[in-house]
Amino acid sequence: MFRKKAVFTFLQAQVAAFLGGITDYGVMILLTEVFKLHFAFSILISGIVGAIVNFSINRFWVFKNQSGYSSPINSQLFKFALVVLGSISLKSFGTLILQKVFQIDYRIGRLITDSFVSYGFNYPLIKYWVFKAKDRQNVIESN
């Protein structure tokens with residue numbers, strides 16, 4: 001049903017997301033609890049730091065493709081930045097809603113929001129848009 005390579009790529013992407021997420025979450029807690037920033041601002045700053053970690057792992061390990069990428073690194077960075085902006089916005093808004101409307105602690109709300117954003121927004125866009133591999137047909141024609 002699932003191809004072995006597709007499952008392996010998905011699992012690698014989850015490792016990258018986890019490492020970026022741990023960085024993001026840790027920086028958020030540090031900025032909110034130690035430096036007393038509002039969690040919405042902490043999420044913005046920590047999201048950028050986590051995104052740098054995530055992009056690096058995705059580009060050089062998860063989606064590294066022998067046939068190359070369909071776009072250069074500058075384009076990938078721009079696309080990734082757009083995904084990160086959308087992701088940070090969804091995480092901030094979702095966490096805020098869960099905290100204000102449902103009185104859920106921001107740390108728990110963030111984890112709940114992250115799970116939805118990660119699988120439903122980040123992964124599909126990163127895999128099929130940011131790090132899209134060259135079509136096999138194009139590689140054969142160019143050789």
# chains A, B, ... in the order shown; residues from 1 in each chain; ligands from 1

call {"tool": "select_by_dssp", "arguments": {"residues": "chain A", "states": "helix (DSSP H, G or I)", "output": "count of residues only"}}
result
117

call {"tool": "residues_around", "arguments": {"residues": "A:Phe39", "least_positions_apart": "6", "cutoff": "8 Å", "atoms": "only C-alpha atoms", "output": "list in words"}}
result
Met28, Leu31, Thr32 and Tyr106 of chain A

call {"tool": "residues_around", "arguments": {"residues": "A:Gly50", "least_positions_apart": "5", "cutoff": "6 Å", "atoms": "only C-alpha atoms", "output": "PyMOL selection string"}}
result
chain A and resi 20+23-24

call {"tool": "residues_around", "arguments": {"residues": "stretch 2-8 of chain A", "least_positions_apart": "5", "cutoff": "10 Å", "atoms": "only C-alpha atoms", "output": "list in words"}}
result
Ala13, Gln14 and Val62 of chain A

call {"tool": "residues_around", "arguments": {"residues": "stretch 112-129 of chain A", "least_positions_apart": "5", "cutoff": "10 Å", "atoms": "only C-alpha atoms", "output": "JSON, numbers by chain"}}
result
{"A": [9, 10, 13, 14, 17, 18, 21, 25, 55, 58, 59, 62, 63, 70, 71, 76, 79, 80, 82, 83, 84, 86, 87, 88, 90, 91, 92, 93, 94, 95, 96, 97, 98, 106, 107]}

call {"tool": "write_last_selection", "arguments": {"atoms": "N, CA, C and O atoms", "output": "compact mmCIF listing (two decimals), in the first residue's frame"}}
result
# COMPACT_ATOMS: atom_id res chain seq x y z
N THR A 9 10.93 8.40 4.10
CA THR A 9 11.02 9.86 3.96
C THR A 9 10.12 10.54 4.98
O THR A 9 10.52 11.52 5.62
N PHE A 10 8.92 10.03 5.15
CA PHE A 10 8.00 10.59 6.13
C PHE A 10 8.60 10.51 7.54
O PHE A 10 8.55 11.47 8.31
N ALA A 13 11.37 13.00 7.93
CA ALA A 13 10.79 14.34 8.08
C ALA A 13 10.27 14.56 9.49
O ALA A 13 10.35 15.67 10.03
N GLN A 14 9.76 13.50 10.10
CA GLN A 14 9.27 13.63 11.48
C GLN A 14 10.44 13.83 12.45
O GLN A 14 10.31 14.56 13.43
N ALA A 17 11.35 17.43 11.96
CA ALA A 17 10.32 18.26 12.60
C ALA A 17 10.46 18.20 14.12
O ALA A 17 10.30 19.21 14.81
N PHE A 18 10.77 17.01 14.64
CA PHE A 18 10.93 16.85 16.08
C PHE A 18 12.11 17.68 16.59
O PHE A 18 12.00 18.39 17.59
N GLY A 21 11.24 21.19 16.26
CA GLY A 21 10.17 21.46 17.24
C GLY A 21 10.69 21.55 18.66
O GLY A 21 10.25 22.41 19.44
N TYR A 25 10.24 24.77 20.78
CA TYR A 25 9.51 24.71 22.05
C TYR A 25 10.40 25.14 23.22
O TYR A 25 9.97 25.89 24.09
N PHE A 55 14.90 23.51 8.42
CA PHE A 55 15.27 23.67 7.01
C PHE A 55 16.59 22.95 6.72
O PHE A 55 16.72 22.23 5.73
N ASN A 58 16.10 19.16 6.75
CA ASN A 58 15.30 18.75 5.58
C ASN A 58 16.10 18.82 4.30
O ASN A 58 16.07 17.90 3.48
N ARG A 59 16.80 19.89 4.08
CA ARG A 59 17.53 20.08 2.82
C ARG A 59 18.69 19.11 2.67
O ARG A 59 18.90 18.55 1.60
N VAL A 62 16.81 14.86 4.77
CA VAL A 62 15.51 14.23 4.49
C VAL A 62 15.19 14.20 3.00
O VAL A 62 14.92 13.15 2.43
N PHE A 63 15.21 15.36 2.37
CA PHE A 63 14.76 15.45 0.97
C PHE A 63 15.92 15.55 0.00
O PHE A 63 15.73 15.90 -1.17
N SER A 70 13.99 20.68 -7.84
CA SER A 70 13.42 21.38 -8.98
C SER A 70 13.64 22.89 -8.89
O SER A 70 13.37 23.60 -9.84
N SER A 71 14.13 23.37 -7.74
CA SER A 71 14.41 24.81 -7.60
C SER A 71 15.69 25.00 -6.79
O SER A 71 16.05 24.16 -5.97
N GLN A 76 14.05 27.76 -2.52
CA GLN A 76 13.64 26.90 -1.42
C GLN A 76 13.53 27.69 -0.12
O GLN A 76 12.59 27.52 0.65
N LYS A 79 10.37 29.84 -0.27
CA LYS A 79 9.19 29.02 -0.07
C LYS A 79 9.09 28.53 1.37
O LYS A 79 8.01 28.54 1.96
N PHE A 80 10.23 28.12 1.92
CA PHE A 80 10.24 27.64 3.30
C PHE A 80 9.85 28.76 4.25
O PHE A 80 9.10 28.54 5.21
N LEU A 82 7.85 31.22 3.63
CA LEU A 82 6.39 31.38 3.53
C LEU A 82 5.67 30.30 4.35
O LEU A 82 4.69 30.59 5.04
N VAL A 83 6.16 29.07 4.25
CA VAL A 83 5.56 27.98 5.04
C VAL A 83 5.71 28.28 6.53
O VAL A 83 4.77 28.12 7.31
N VAL A 84 6.90 28.73 6.93
CA VAL A 84 7.16 29.03 8.34
C VAL A 84 6.26 30.17 8.82
O VAL A 84 5.72 30.10 9.93
N GLY A 86 3.32 30.96 7.69
CA GLY A 86 1.98 30.37 7.85
C GLY A 86 1.91 29.48 9.08
O GLY A 86 0.94 29.53 9.84
N SER A 87 2.94 28.69 9.28
CA SER A 87 3.00 27.79 10.42
C SER A 87 3.01 28.54 11.75
O SER A 87 2.26 28.21 12.67
N ILE A 88 3.85 29.56 11.84
CA ILE A 88 3.93 30.37 13.06
C ILE A 88 2.59 31.06 13.32
O ILE A 88 2.12 31.10 14.46
N LEU A 90 -0.42 30.05 12.34
CA LEU A 90 -1.39 29.04 12.78
C LEU A 90 -1.11 28.60 14.22
O LEU A 90 -2.03 28.45 15.02
N LYS A 91 0.17 28.42 14.57
CA LYS A 91 0.53 28.00 15.93
C LYS A 91 0.18 29.08 16.94
O LYS A 91 -0.36 28.78 18.02
N SER A 92 0.51 30.32 16.62
CA SER A 92 0.21 31.43 17.54
C SER A 92 -1.29 31.58 17.74
O SER A 92 -1.78 31.67 18.86
N PHE A 93 -2.03 31.60 16.63
CA PHE A 93 -3.48 31.78 16.69
C PHE A 93 -4.14 30.60 17.40
O PHE A 93 -5.00 30.78 18.27
N GLY A 94 -3.73 29.39 17.04
CA GLY A 94 -4.30 28.19 17.66
C GLY A 94 -4.04 28.13 19.15
O GLY A 94 -4.93 27.82 19.95
N THR A 95 -2.81 28.45 19.54
CA THR A 95 -2.45 28.44 20.96
C THR A 95 -3.23 29.50 21.71
O THR A 95 -3.74 29.26 22.81
N LEU A 96 -3.35 30.67 21.12
CA LEU A 96 -4.09 31.77 21.74
C LEU A 96 -5.57 31.40 21.91
O LEU A 96 -6.15 31.63 22.98
N ILE A 97 -6.17 30.82 20.89
CA ILE A 97 -7.58 30.41 20.97
C ILE A 97 -7.78 29.37 22.06
O ILE A 97 -8.71 29.47 22.87
N LEU A 98 -6.91 28.36 22.08
CA LEU A 98 -7.03 27.32 23.10
C LEU A 98 -6.86 27.90 24.51
O LEU A 98 -7.54 27.48 25.45
N TYR A 106 -0.89 27.52 27.90
CA TYR A 106 -0.26 27.76 26.59
C TYR A 106 0.71 26.65 26.20
O TYR A 106 0.87 26.34 25.02
N ARG A 107 1.38 26.03 27.17
CA ARG A 107 2.35 24.96 26.85
C ARG A 107 1.63 23.73 26.29
O ARG A 107 2.11 23.11 25.33

call {"tool": "atom_distance", "arguments": {"atom1": "atom CA of A:Phe78", "atom2": "atom CA of A:Ile52"}}
result
12.4 Å

call {"tool": "closest_residue", "arguments": {"among": "A:Gln103, A:Ser42, A:Ser89, A:Ser56", "to": "A:Leu19", "atoms": "only C-alpha atoms"}}
result
A:Ser56

call {"tool": "closest_residue", "arguments": {"among": "A:Ile22, A:Ile45, A:Ala81, A:Leu30", "to": "A:Leu111", "atoms": "only C-alpha atoms"}}
result
A:Ile22

call {"tool": "atom_distance", "arguments": {"atom1": "atom CA of A:Phe35", "atom2": "atom CA of A:Ala51"}}
result
21.0 Å

call {"tool": "atom_distance", "arguments": {"atom1": "atom CA of A:Ser75", "atom2": "atom CA of A:Phe131"}}
result
9.7 Å
